[in-house]
$ cat work02.cif   # mmCIF, C-alpha atoms and all ligand atoms
data_coords
#
loop_
_atom_site.label_atom_id
_atom_site.label_comp_id
_atom_site.auth_asym_id
_atom_site.auth_seq_id
_atom_site.Cartn_x
_atom_site.Cartn_y
_atom_site.Cartn_z
CA MET A 1 80.28 -7.38 -42.66
CA GLN A 2 80.91 -4.27 -40.63
CA LEU A 3 83.58 -2.05 -42.10
CA LYS A 4 85.71 0.17 -39.98
CA ALA A 5 88.17 2.32 -41.79
CA GLY A 6 91.55 3.09 -40.41
CA GLY A 7 92.21 3.48 -36.74
CA GLY A 8 92.08 7.27 -36.52
CA GLY A 9 95.69 8.06 -37.35
CA GLY A 10 96.90 4.51 -37.90
CA SER A 11 99.67 4.14 -40.41
CA SER A 12 97.70 2.54 -43.22
CA ALA A 13 94.31 3.88 -44.00
CA LEU A 14 93.86 1.96 -47.19
CA ILE A 15 91.38 -0.84 -47.08
CA LEU A 16 90.62 -3.17 -49.89
CA PHE A 17 87.50 -5.15 -49.87
CA SER A 18 85.42 -7.00 -52.31
CA ILE A 19 81.74 -6.83 -52.70
CA ILE A 20 79.17 -9.07 -54.10
CA GLY A 21 76.65 -6.57 -55.05
CA ILE A 22 72.94 -6.83 -55.13
CA LEU A 23 70.53 -4.16 -54.26
CA ASN A 24 68.23 -6.10 -52.02
CA ALA A 25 65.29 -4.04 -53.03
CA GLU A 26 62.74 -3.24 -55.55
CA ILE A 27 64.14 -1.27 -58.37
CA PHE A 28 62.71 1.97 -59.61
CA GLU A 29 59.37 1.57 -61.20
CA SER A 30 59.98 1.96 -64.86
CA TYR A 31 59.00 5.20 -66.45
CA ASP A 32 59.39 6.80 -69.81
CA SER A 33 62.58 8.67 -70.10
CA GLN A 34 62.72 10.79 -73.18
CA LYS A 35 66.39 11.34 -72.54
CA ALA A 36 67.40 7.72 -72.26
CA SER A 37 69.22 7.54 -75.54
CA SER A 38 72.15 5.36 -76.41
CA SER A 39 74.31 8.42 -76.89
CA SER A 40 73.99 9.36 -73.24
CA VAL A 41 75.06 5.86 -72.27
CA ASN A 42 78.15 6.10 -74.45
CA GLU A 43 79.02 9.47 -73.07
CA ARG A 44 78.95 8.11 -69.61
CA SER A 45 81.22 5.18 -70.28
CA LYS A 46 83.70 7.54 -71.89
CA ASP A 47 83.76 9.49 -68.67
CA GLY A 48 84.95 6.43 -66.88
CA ILE A 49 82.26 6.43 -64.27
CA LEU A 50 80.76 3.04 -63.63
CA THR A 51 82.23 1.51 -66.73
CA ASP A 52 81.84 -1.93 -65.26
CA VAL A 53 78.14 -1.53 -64.77
CA GLY A 54 76.59 -3.89 -67.25
CA GLU A 55 73.89 -2.57 -69.51
CA SER A 56 72.51 -6.05 -69.83
CA GLY A 57 69.72 -6.27 -67.35
CA ALA A 58 69.21 -6.08 -63.63
CA PRO A 59 71.94 -7.45 -61.41
CA GLU A 60 71.48 -11.01 -60.24
CA GLU A 61 72.81 -12.45 -57.04
CA GLY A 62 76.52 -13.08 -57.20
CA ASN A 63 77.21 -11.87 -60.71
CA ILE A 64 79.00 -8.70 -59.79
CA GLU A 65 82.23 -8.83 -57.96
CA ALA A 66 84.53 -5.90 -57.73
CA GLN A 67 87.54 -4.76 -55.88
CA LEU A 68 86.80 -1.41 -54.37
CA GLN A 69 89.25 0.85 -52.72
CA LEU A 70 88.12 2.46 -49.55
CA GLU A 71 90.39 4.96 -47.98
CA GLN A 72 90.17 7.26 -45.01
CA ILE A 73 91.02 10.88 -45.77
CA ARG A 74 93.64 11.80 -43.21
CA VAL A 75 92.31 15.24 -42.39
CA SER A 76 95.01 17.40 -40.80
CA LYS A 77 92.72 18.97 -38.18
CA PRO A 78 90.19 17.43 -35.80
CA LEU A 79 86.75 16.91 -37.25
CA GLY A 80 83.55 16.93 -35.27
CA GLU A 81 80.49 15.04 -36.44
CA VAL A 82 80.80 15.31 -40.20
CA SER A 83 77.32 16.10 -41.40
CA ALA A 84 78.05 16.92 -45.05
CA VAL A 85 80.71 16.89 -47.74
CA ALA A 86 80.92 18.50 -51.17
CA ILE A 87 83.46 19.04 -53.93
CA ASP A 88 84.20 22.59 -55.02
CA SER A 89 85.08 23.76 -58.52
CA SER A 90 88.82 23.38 -57.82
CA GLY A 91 88.33 19.77 -56.81
CA ASN A 92 88.81 20.48 -53.13
CA LEU A 93 86.79 18.61 -50.60
CA ILE A 94 84.61 20.75 -48.36
CA ALA A 95 83.53 19.31 -45.03
CA PHE A 96 80.73 20.75 -42.92
CA HIS A 97 81.08 19.47 -39.39
CA ARG A 98 79.97 20.19 -35.84
CA GLY A 99 83.25 20.94 -34.10
CA ASP A 100 82.84 20.07 -30.45
CA ARG A 101 79.04 19.95 -30.62
CA ILE A 102 77.32 16.61 -30.39
CA TRP A 103 73.69 16.06 -31.28
CA ASP A 104 72.19 14.24 -28.33
CA LYS A 105 68.89 14.11 -26.48
CA ASP A 106 69.56 17.43 -24.71
CA SER A 107 70.38 19.43 -27.86
CA PHE A 108 66.77 20.31 -28.61
CA THR A 109 63.67 21.04 -26.54
CA ASP A 110 60.50 19.05 -27.10
CA ASP A 111 59.29 21.71 -29.51
CA PHE A 112 62.46 21.47 -31.64
CA LYS A 113 64.14 24.62 -30.36
CA MET A 114 67.85 24.57 -29.78
CA SER A 115 68.58 24.16 -26.09
CA SER A 116 69.04 27.63 -24.60
CA SER A 117 72.29 26.50 -23.00
CA LEU A 118 73.90 26.09 -26.42
CA ASP A 119 75.47 28.98 -28.32
CA ALA A 120 76.87 28.95 -31.80
CA ILE A 121 79.74 26.48 -32.16
CA LYS A 122 83.05 28.29 -31.60
CA ASN A 123 85.11 25.93 -33.72
CA SER A 124 85.38 26.45 -37.43
CA THR A 125 82.78 24.19 -38.98
CA ILE A 126 83.78 24.37 -42.64
CA PHE A 127 87.08 22.88 -43.76
CA VAL A 128 88.47 23.23 -47.25
CA ILE A 129 90.52 20.04 -47.64
CA GLU A 130 93.04 18.95 -50.23
CA PRO A 131 91.58 15.51 -50.90
CA SER A 132 94.75 13.57 -51.71
CA THR A 133 96.70 14.68 -48.64
CA GLY A 134 93.90 15.59 -46.23
CA LYS A 135 95.54 18.94 -45.55
CA VAL A 136 93.08 21.56 -44.33
CA LEU A 137 93.72 24.50 -46.65
CA ALA A 138 91.24 26.90 -45.07
CA GLU A 139 88.73 27.02 -42.23
CA HIS A 140 85.50 28.95 -41.98
CA GLY A 141 82.22 29.10 -40.12
CA GLU A 142 83.34 29.92 -36.58
CA ASN A 143 80.70 31.21 -34.13
CA GLU A 144 78.07 30.89 -36.79
CA PHE A 145 76.40 27.51 -36.79
CA TYR A 146 74.50 25.61 -34.10
CA MET A 147 73.97 22.21 -35.63
CA PRO A 148 75.40 21.82 -39.12
CA HIS A 149 73.51 19.46 -41.38
CA GLY A 150 73.32 19.59 -45.19
CA MET A 151 75.55 21.20 -47.79
CA THR A 152 75.55 21.55 -51.54
CA ILE A 153 77.65 23.64 -53.93
CA ASP A 154 75.86 25.28 -56.84
CA SER A 155 77.18 25.71 -60.38
CA LYS A 156 78.52 29.17 -59.55
CA GLY A 157 80.51 27.83 -56.61
CA ASN A 158 78.29 29.12 -53.82
CA LEU A 159 77.86 26.91 -50.78
CA TRP A 160 74.38 26.25 -49.50
CA VAL A 161 74.25 24.88 -45.99
CA THR A 162 71.42 23.93 -43.66
CA ASP A 163 71.60 24.34 -39.92
CA ILE A 164 68.98 22.34 -38.06
CA GLY A 165 69.73 24.27 -34.86
CA ARG A 166 69.30 27.68 -36.46
CA HIS A 167 66.38 26.35 -38.56
CA GLN A 168 67.90 28.18 -41.49
CA VAL A 169 69.37 27.68 -44.91
CA ILE A 170 72.36 29.86 -45.67
CA LYS A 171 73.94 30.61 -49.02
CA LEU A 172 77.64 31.38 -48.58
CA CYS A 173 79.93 32.95 -51.14
CA GLY A 174 82.34 30.26 -52.32
CA LYS A 175 85.29 32.67 -52.13
CA THR A 176 84.73 34.62 -48.93
CA PHE A 177 82.44 32.11 -47.20
CA LYS A 178 80.31 35.06 -46.09
CA PRO A 179 76.50 34.72 -46.12
CA ILE A 180 74.83 36.06 -49.27
CA LEU A 181 71.30 34.88 -48.58
CA ILE A 182 69.65 33.56 -45.43
CA LEU A 183 66.31 31.76 -45.50
CA GLY A 184 64.20 31.09 -42.42
CA GLU A 185 64.19 32.81 -39.04
CA LYS A 186 67.19 32.19 -36.84
CA LEU A 187 66.52 29.67 -34.06
CA VAL A 188 62.76 29.79 -34.69
CA PRO A 189 61.16 26.60 -36.01
CA GLY A 190 57.96 26.85 -38.02
CA ASP A 191 56.05 25.51 -40.96
CA ASP A 192 55.05 28.51 -43.02
CA GLU A 193 56.72 30.02 -46.08
CA THR A 194 59.37 31.87 -44.13
CA HIS A 195 60.21 29.25 -41.50
CA PHE A 196 61.72 25.81 -41.52
CA CYS A 197 61.82 23.08 -38.92
CA GLN A 198 65.27 21.50 -38.96
CA PRO A 199 65.85 21.73 -42.73
CA THR A 200 68.08 18.93 -43.96
CA ASP A 201 69.35 19.56 -47.49
CA VAL A 202 69.38 21.86 -50.53
CA ALA A 203 69.45 21.33 -54.29
CA VAL A 204 69.99 24.17 -56.75
CA SER A 205 69.26 24.04 -60.47
CA ALA A 206 72.30 24.56 -62.70
CA ASP A 207 70.96 27.90 -63.97
CA GLY A 208 70.53 29.03 -60.37
CA GLN A 209 66.88 29.77 -60.98
CA PHE A 210 65.37 27.35 -58.47
CA ILE A 211 66.30 26.36 -54.95
CA PHE A 212 64.81 23.21 -53.43
CA ILE A 213 64.92 22.68 -49.69
CA ALA A 214 64.11 19.50 -47.81
CA ASP A 215 62.28 20.46 -44.61
CA GLY A 216 63.11 18.42 -42.67
CA TYR A 217 63.15 16.51 -39.42
CA CYS A 218 60.00 18.08 -38.04
CA ASN A 219 58.18 19.10 -41.21
CA ALA A 220 57.55 16.77 -44.12
CA ARG A 221 57.81 18.88 -47.21
CA ILE A 222 59.96 19.98 -50.11
CA MET A 223 59.99 23.74 -50.66
CA LYS A 224 60.86 25.55 -53.85
CA PHE A 225 62.24 29.09 -53.95
CA ASP A 226 63.43 31.40 -56.68
CA SER A 227 67.00 32.61 -56.92
CA ASN A 228 66.28 35.51 -54.56
CA GLY A 229 64.85 33.24 -51.93
CA THR A 230 61.22 34.06 -52.63
CA PHE A 231 58.93 31.15 -51.85
CA ILE A 232 57.29 29.63 -54.93
CA GLU A 233 55.58 26.44 -53.81
CA GLU A 234 55.88 23.31 -51.73
CA PHE A 235 54.74 19.71 -51.74
CA GLY A 236 54.68 16.73 -49.41
CA ASN A 237 52.94 15.70 -46.22
CA PRO A 238 53.63 13.49 -43.23
CA PRO A 239 52.26 9.95 -43.57
CA GLU A 240 48.61 9.69 -42.52
CA THR A 241 48.81 5.96 -42.09
CA MET A 242 51.52 3.38 -42.65
CA PRO A 243 52.64 2.33 -45.16
CA ALA A 244 53.11 5.87 -46.37
CA LYS A 245 51.56 6.89 -49.65
CA ASN A 246 53.37 8.54 -52.53
CA GLY A 247 54.21 12.12 -51.67
CA GLU A 248 54.29 11.45 -47.94
CA PHE A 249 57.62 11.88 -46.18
CA PHE A 250 59.05 10.58 -42.94
CA ILE A 251 62.25 12.65 -42.64
CA PRO A 252 63.16 13.85 -46.14
CA HIS A 253 66.88 13.76 -45.37
CA SER A 254 68.57 14.47 -48.69
CA ILE A 255 67.55 15.64 -52.15
CA ALA A 256 69.07 15.52 -55.62
CA LEU A 257 68.06 17.05 -58.94
CA ILE A 258 68.33 15.08 -62.16
CA GLU A 259 68.01 18.09 -64.36
CA ASP A 260 67.52 16.74 -67.84
CA LEU A 261 64.85 14.36 -66.61
CA ASN A 262 63.27 17.27 -64.74
CA LEU A 263 63.25 15.15 -61.59
CA LEU A 264 63.80 15.93 -57.96
CA CYS A 265 64.58 12.80 -55.95
CA VAL A 266 64.07 12.68 -52.20
CA ALA A 267 65.75 10.37 -49.73
CA ASP A 268 62.68 9.65 -47.62
CA ARG A 269 64.77 8.26 -44.81
CA GLU A 270 62.46 6.67 -42.30
CA ASN A 271 60.16 5.37 -45.02
CA GLN A 272 63.28 3.59 -46.31
CA ARG A 273 62.82 4.72 -49.87
CA ILE A 274 63.66 7.22 -52.55
CA GLN A 275 60.81 9.06 -54.21
CA CYS A 276 61.23 11.20 -57.31
CA PHE A 277 58.94 14.01 -58.41
CA SER A 278 58.69 16.38 -61.30
CA ALA A 279 60.93 19.32 -60.44
CA GLY A 280 59.07 21.86 -62.55
CA LEU A 281 62.25 23.26 -64.03
CA SER A 282 61.87 25.80 -66.80
CA GLN A 283 63.01 25.48 -70.33
CA GLY A 284 63.61 28.95 -71.56
CA HIS A 285 61.03 30.96 -69.69
CA ARG A 286 58.30 28.39 -69.73
CA GLN A 287 57.64 25.94 -66.96
CA THR A 288 57.22 22.62 -68.71
CA SER A 289 55.56 20.61 -65.99
CA PRO A 290 54.08 21.21 -62.57
CA THR A 291 56.26 20.75 -59.49
CA GLY A 292 55.87 17.85 -57.11
CA MET A 293 54.03 15.35 -59.29
CA PHE A 294 55.02 11.88 -58.19
CA VAL A 295 56.98 10.09 -60.90
CA THR A 296 58.82 7.08 -59.53
CA LYS A 297 60.26 5.47 -56.42
CA ALA A 298 62.52 2.77 -55.06
CA GLU A 299 61.20 1.14 -51.89
CA ASN A 300 62.55 -1.07 -49.10
CA ILE A 301 66.11 0.04 -49.63
CA GLY A 302 66.95 0.84 -46.02
CA ARG A 303 67.17 4.20 -44.29
CA VAL A 304 68.51 6.40 -47.05
CA TYR A 305 70.68 9.13 -45.57
CA ALA A 306 72.07 10.74 -48.67
CA ILE A 307 71.69 10.81 -52.43
CA ARG A 308 73.72 12.67 -55.02
CA GLU A 309 73.50 12.65 -58.79
CA LYS A 310 76.36 12.41 -61.25
CA ARG A 311 75.70 12.03 -64.96
CA HIS A 312 72.38 10.30 -64.56
CA TYR A 313 73.57 8.00 -61.83
CA LEU A 314 72.06 8.44 -58.43
CA VAL A 315 74.52 7.40 -55.75
CA GLY A 316 73.07 6.76 -52.31
CA ILE A 317 74.05 5.59 -48.86
CA THR A 318 71.86 4.04 -46.21
CA GLY A 319 72.16 3.54 -42.47
CA SER A 320 71.30 0.61 -40.27
CA THR A 321 67.96 0.05 -38.59
CA GLU A 322 67.11 -1.36 -35.18
CA ASP A 323 65.18 -4.03 -36.99
CA SER A 324 67.54 -6.88 -37.75
CA GLU A 325 65.26 -8.15 -40.52
CA SER A 326 65.89 -5.09 -42.60
CA VAL A 327 68.33 -4.29 -45.33
CA GLU A 328 72.01 -4.05 -44.44
CA PRO A 329 73.55 -0.57 -44.83
CA GLN A 330 74.90 -0.08 -48.29
CA ILE A 331 76.14 2.22 -50.99
CA PHE A 332 74.12 1.84 -54.12
CA VAL A 333 74.04 3.33 -57.58
CA MET A 334 70.92 3.67 -59.69
CA ASP A 335 71.00 4.30 -63.38
CA MET A 336 68.27 6.88 -63.80
CA ASP A 337 67.85 6.08 -67.48
CA THR A 338 67.00 2.44 -66.95
CA GLY A 339 65.91 2.34 -63.32
CA LYS A 340 68.46 -0.38 -62.63
CA ALA A 341 70.26 -0.35 -59.34
CA GLU A 342 73.30 -2.04 -57.92
CA THR A 343 74.84 -2.30 -54.51
CA TYR A 344 78.48 -1.25 -54.46
CA ALA A 345 79.38 -1.91 -50.88
CA LYS A 346 77.58 -3.41 -47.94
CA GLY A 347 78.11 -2.67 -44.30
CA LEU A 348 79.20 0.88 -44.96
CA GLU A 349 77.20 3.67 -43.32
CA GLY A 350 77.34 7.39 -43.76
CA HIS A 351 75.47 10.61 -43.16
CA ALA A 352 76.25 12.35 -46.43
CA LEU A 353 78.19 11.91 -49.62
CA ALA A 354 79.73 13.75 -52.53
CA VAL A 355 80.82 12.45 -55.91
CA ASP A 356 83.66 14.04 -57.89
CA THR A 357 84.12 14.05 -61.65
CA ASN A 358 86.46 11.04 -61.51
CA GLY A 359 83.92 8.85 -59.80
CA ASN A 360 85.37 9.16 -56.31
CA VAL A 361 82.67 9.01 -53.69
CA PHE A 362 83.38 10.83 -50.42
CA ILE A 363 81.45 9.57 -47.44
CA ALA A 364 80.87 11.68 -44.32
CA GLN A 365 80.63 9.68 -41.13
CA MET A 366 79.97 10.32 -37.47
CA HIS A 367 81.36 8.34 -34.53
CA PRO A 368 84.00 7.90 -35.70
CA ASN A 369 84.01 11.38 -37.24
CA GLN A 370 85.78 10.85 -40.51
CA ILE A 371 85.61 11.05 -44.27
CA LEU A 372 86.15 8.04 -46.49
CA ARG A 373 86.86 7.94 -50.18
CA MET A 374 85.71 5.13 -52.40
CA GLN A 375 86.34 4.70 -56.10
CA LEU A 376 83.31 3.66 -58.08
C1 LIG A 401 86.99 22.71 -30.94
O1 LIG A 401 87.61 23.74 -30.24
C2 LIG A 401 88.16 23.31 -29.01
C3 LIG A 401 88.62 24.55 -28.25
O2 LIG A 401 89.50 25.28 -29.04
C4 LIG A 401 89.30 22.34 -29.31
O3 LIG A 401 89.86 21.89 -28.11
C5 LIG A 401 88.74 21.17 -30.08
O4 LIG A 401 89.80 20.33 -30.50
C6 LIG A 401 87.97 21.61 -31.29
N1 LIG A 401 87.31 20.42 -31.75
C7 LIG A 401 86.98 20.22 -33.02
C8 LIG A 401 86.41 18.89 -33.33
O5 LIG A 401 87.14 21.05 -33.88
C1 LIG A 402 65.82 39.00 -57.92
O1 LIG A 402 66.15 40.31 -57.49
C2 LIG A 402 66.77 41.09 -58.49
C3 LIG A 402 67.20 42.41 -57.84
O2 LIG A 402 66.16 42.95 -57.07
C4 LIG A 402 65.77 41.29 -59.63
O3 LIG A 402 66.36 42.05 -60.65
C5 LIG A 402 65.38 39.93 -60.18
O4 LIG A 402 64.39 40.06 -61.16
C6 LIG A 402 64.85 39.04 -59.07
N1 LIG A 402 64.65 37.68 -59.58
C7 LIG A 402 63.51 37.03 -59.40
C8 LIG A 402 63.48 35.64 -59.96
O5 LIG A 402 62.52 37.50 -58.85
#

$ encode --input "work02.cif" --output "structure tokens"
Amino acid sequence: MQLKAGGGGGSSALILFSIIGILNAEIFESYDSQKASSSSVNERSKDGILTDVGESGAPEEGNIEAQLQLEQIRVSKPLGEVSAVAIDSSGNLIAFHRGDRIWDKDSFTDDFKMSSSLDAIKNSTIFVIEPSTGKVLAEHGENEFYMPHGMTIDSKGNLWVTDIGRHQVIKLCGKTFKPILILGEKLVPGDDETHFCQPTDVAVSADGQFIFIADGYCNARIMKFDSNGTFIEEFGNPPETMPAKNGEFFIPHSIALIEDLNLLCVADRENQRIQCFSAGLSQGHRQTSPTGMFVTKAENIGRVYAIREKRHYLVGITGSTEDSESVEPQIFVMDMDTGKAETYAKGLEGHALAVDTNGNVFIAQMHPNQILRMQL
């Protein structure tokens, strides 16, 4: 089933569809979770997220049927390729998009540099959107970005964006949208401590102490920085042989922290899996475990474009593959306490996602360039 939402400005953007959900994949290898207590389960159901997810064992074919609502956000201004979405502290939807720039075969040289014929995108690339109406409340990021990619909002409301054309990661003030911190050298790809090669995504610990960066399309590593942007350490390598071993990445495209499990999960896109590692977060002033130790993974789940965590659930979206044998694109949810996973919708692709506190999932898509909302 291939889902197409709305007709770009059609009168009804609401689509109802049913799913028969099965994650056609191996489920996370089980691992000891000190935090997997019954109280955390109860807390979650109170919050209303995923209340219909059974606690009674792995999903079996055909036993989950749900009516999901999928809706196109009718954004009041034209969107370019929507590379990322996030929810700010006021509940507004932030979109990071490419304006009139399109990533095609001429965008980059063979050595990953931005084509010299391309300047910064003139359009505003950051929209602050009222999610229920789609009204663009504010626009930012004109003449600043070359090829927008990832975005995350930290607990203090700062925006962290990655630009694969600039080869940089930029921390923007959530009020003024002005840069506060810039990592990497502008337009210069590299693989040392002060350069990235097309960095894809950022995760920031809730205390702001640690910044994780997925780097990226042309490197195969996860880098860890302190709050001032000083390099701490990195882990990961490109695959030496196929199938890739643990800790080897083939386009780490998205990352998510599960803080109380001290885990950093990586959407290892072209290896069609999620791998999770110890994040090496500190408790008090003491680092409790090393960074980058392999902990668990979910394999053969399709090309995972994006993962985001909400209350111990890891929500992910995959894209299609050329290979018709492979897994159909899907949105899935994994319970990080139990390792159980479920498919929520099949045939739905996206480049990035965001989850709000009410369990709405916002999906950023390209061609058509649009944002969908789905209620979990
Ligand atoms: C980008 O800016 C151009 C020139 O102002 C405008 O025509 C176009 O609609 C904008 N496109 C997007 C997607 O923002
Ligand atoms: C970051 O810089 C500030 C100001 O220079 C300094 O006080 C603070 O200790 C630094 N933090 C880290 C983690 O190095």

$ residues_around --input "work02.cif" --residues "Ile331 of chain A" --least-positions-apart "5" --cutoff "9 Å" --atoms "all atoms listed in the file" --output "list in words"
Val315, Gly316, Ile317, Thr318, Glu342, Thr343, Tyr344, Ala345, Lys346, Gly347, Leu348, Glu349 and Gly350 of chain A

$ residues_near_ligand --input "work02.cif" --ligand "ligand LIG 402 (chain A)" --cutoff "6 Å" --atoms "all atoms listed in the file" --output "ChimeraX atom specification"
/A:226-228

$ residues_near_ligand --input "work02.cif" --ligand "ligand LIG 401 (chain A)" --cutoff "8 Å" --atoms "all atoms listed in the file" --output "JSON, numbers by chain"
{"A": [77, 78, 79, 80, 81, 98, 99, 100, 101, 122, 123, 124, 125]}

$ write_last_selection --input "work02.cif" --atoms "C-alpha atoms" --output "CSV table (one decimal), keeping the file's coordinate frame"
chain,number,residue,atom,x,y,z
A,77,LYS,CA,92.7,19.0,-38.2
A,78,PRO,CA,90.2,17.4,-35.8
A,79,LEU,CA,86.8,16.9,-37.2
A,80,GLY,CA,83.6,16.9,-35.3
A,81,GLU,CA,80.5,15.0,-36.4
A,98,ARG,CA,80.0,20.2,-35.8
A,99,GLY,CA,83.2,20.9,-34.1
A,100,ASP,CA,82.8,20.1,-30.4
A,101,ARG,CA,79.0,20.0,-30.6
A,122,LYS,CA,83.0,28.3,-31.6
A,123,ASN,CA,85.1,25.9,-33.7
A,124,SER,CA,85.4,26.4,-37.4
A,125,THR,CA,82.8,24.2,-39.0

$ closest_residue --input "work02.cif" --among "A:Lys245, A:Lys340, A:His140, A:Arg373" --to "His97 of chain A" --atoms "all atoms listed in the file"
A:His140

$ residues_around --input "work02.cif" --residues "segment 128-139 of chain A" --least-positions-apart "6" --cutoff "8 Å" --atoms "only C-alpha atoms" --output "VMD selection string"
chain A and resid 73 to 77 91 to 95

$ closest_residue --input "work02.cif" --among "A:Ser320, A:Thr357, A:Gln370, A:Ser115" --to "Trp103 of chain A" --atoms "only C-alpha atoms"
A:Ser115

$ closest_residue --input "work02.cif" --among "A:Ala120, A:Gly150, A:Tyr217, A:Asp268" --to "Ala354 of chain A" --atoms "all atoms listed in the file"
A:Gly150

$ atom_distance --input "work02.cif" --atom1 "atom CA of His195 of chain A" --atom2 "atom CA of Val295 of chain A"
27.5 Å

$ atom_distance --input "work02.cif" --atom1 "atom CA of Arg269 of chain A" --atom2 "atom CA of Leu353 of chain A"
14.7 Å

$ closest_residue --input "work02.cif" --among "A:Asp337, A:Asp88, A:Glu322, A:Glu234" --to "Ile153 of chain A" --atoms "all atoms listed in the file"
A:Asp88

$ atom_distance --input "work02.cif" --atom1 "atom CA of Met374 of chain A" --atom2 "atom CA of Gly359 of chain A"
8.5 Å

$ closest_residue --input "work02.cif" --among "A:Phe231, A:Tyr146, A:Phe196, A:Phe294" --to "Ala214 of chain A" --atoms "all atoms listed in the file"
A:Phe196

$ residues_around --input "work02.cif" --residues "Asp191 of chain A" --least-positions-apart "6" --cutoff "9 Å" --atoms "all atoms listed in the file" --output "ChimeraX atom specification"
/A:197,215,218-219

$ residues_around --input "work02.cif" --residues "Gly280 of chain A" --least-positions-apart "4" --cutoff "9 Å" --atoms "all atoms listed in the file" --output "ChimeraX atom specification"
/A:262-264,287-293

$ axis_aligned_box --input "work02.cif" --around "segment 221-229 of chain A" --padding-each-side "5 Å" --output "lines of an AutoDock Vina configuration file"
center_x = 62.4
center_y = 27.2
center_z = -52.1
size_x = 19.2
size_y = 26.6
size_z = 19.7

$ closest_residue --input "work02.cif" --among "A:Gly319, A:Pro189, A:Gly141, A:Gly236" --to "His167 of chain A" --atoms "all atoms listed in the file"
A:Pro189

$ residues_around --input "work02.cif" --residues "Asn158 of chain A" --least-positions-apart "4" --cutoff "6 Å" --atoms "only C-alpha atoms" --output "ChimeraX atom specification"
/A:153-154,172-174

$ decode --input "work02.cif" --residues "segment 286-320 of chain A" --atoms "C-alpha atoms" --output "CSV table (one decimal), in the first residue's frame"
chain,number,residue,atom,x,y,z
A,286,ARG,CA,31.1,10.9,37.5
A,287,GLN,CA,31.0,9.1,34.2
A,288,THR,CA,29.3,5.8,34.9
A,289,SER,CA,30.2,3.9,31.8
A,290,PRO,CA,32.5,4.3,28.8
A,291,THR,CA,31.0,5.8,25.6
A,292,GLY,CA,30.4,3.8,22.5
A,293,MET,CA,30.2,0.3,23.9
A,294,PHE,CA,27.8,-1.7,21.8
A,295,VAL,CA,24.7,-2.7,23.8
A,296,THR,CA,21.9,-3.8,21.5
A,297,LYS,CA,20.5,-3.6,17.9
A,298,ALA,CA,17.5,-4.3,15.7
A,299,GLU,CA,18.4,-5.6,12.3
A,300,ASN,CA,16.7,-6.0,8.9
A,301,ILE,CA,14.2,-3.3,9.6
A,302,GLY,CA,14.7,-1.4,6.3
A,303,ARG,CA,16.5,1.8,5.6
A,304,VAL,CA,16.0,3.7,8.9
A,305,TYR,CA,15.9,7.4,8.1
A,306,ALA,CA,14.9,8.8,11.5
A,307,ILE,CA,14.5,7.8,15.1
A,308,ARG,CA,13.2,9.9,18.1
A,309,GLU,CA,12.6,8.9,21.7
A,310,LYS,CA,9.6,9.7,23.8
A,311,ARG,CA,9.2,8.2,27.3
A,312,HIS,CA,11.2,5.1,26.5
A,313,TYR,CA,9.6,4.5,23.2
A,314,LEU,CA,11.8,4.8,20.1
A,315,VAL,CA,9.7,5.9,17.2
A,316,GLY,CA,11.3,5.3,13.8
A,317,ILE,CA,10.6,5.7,10.1
A,318,THR,CA,12.2,3.8,7.2
A,319,GLY,CA,12.4,4.4,3.5
A,320,SER,CA,12.1,2.1,0.5
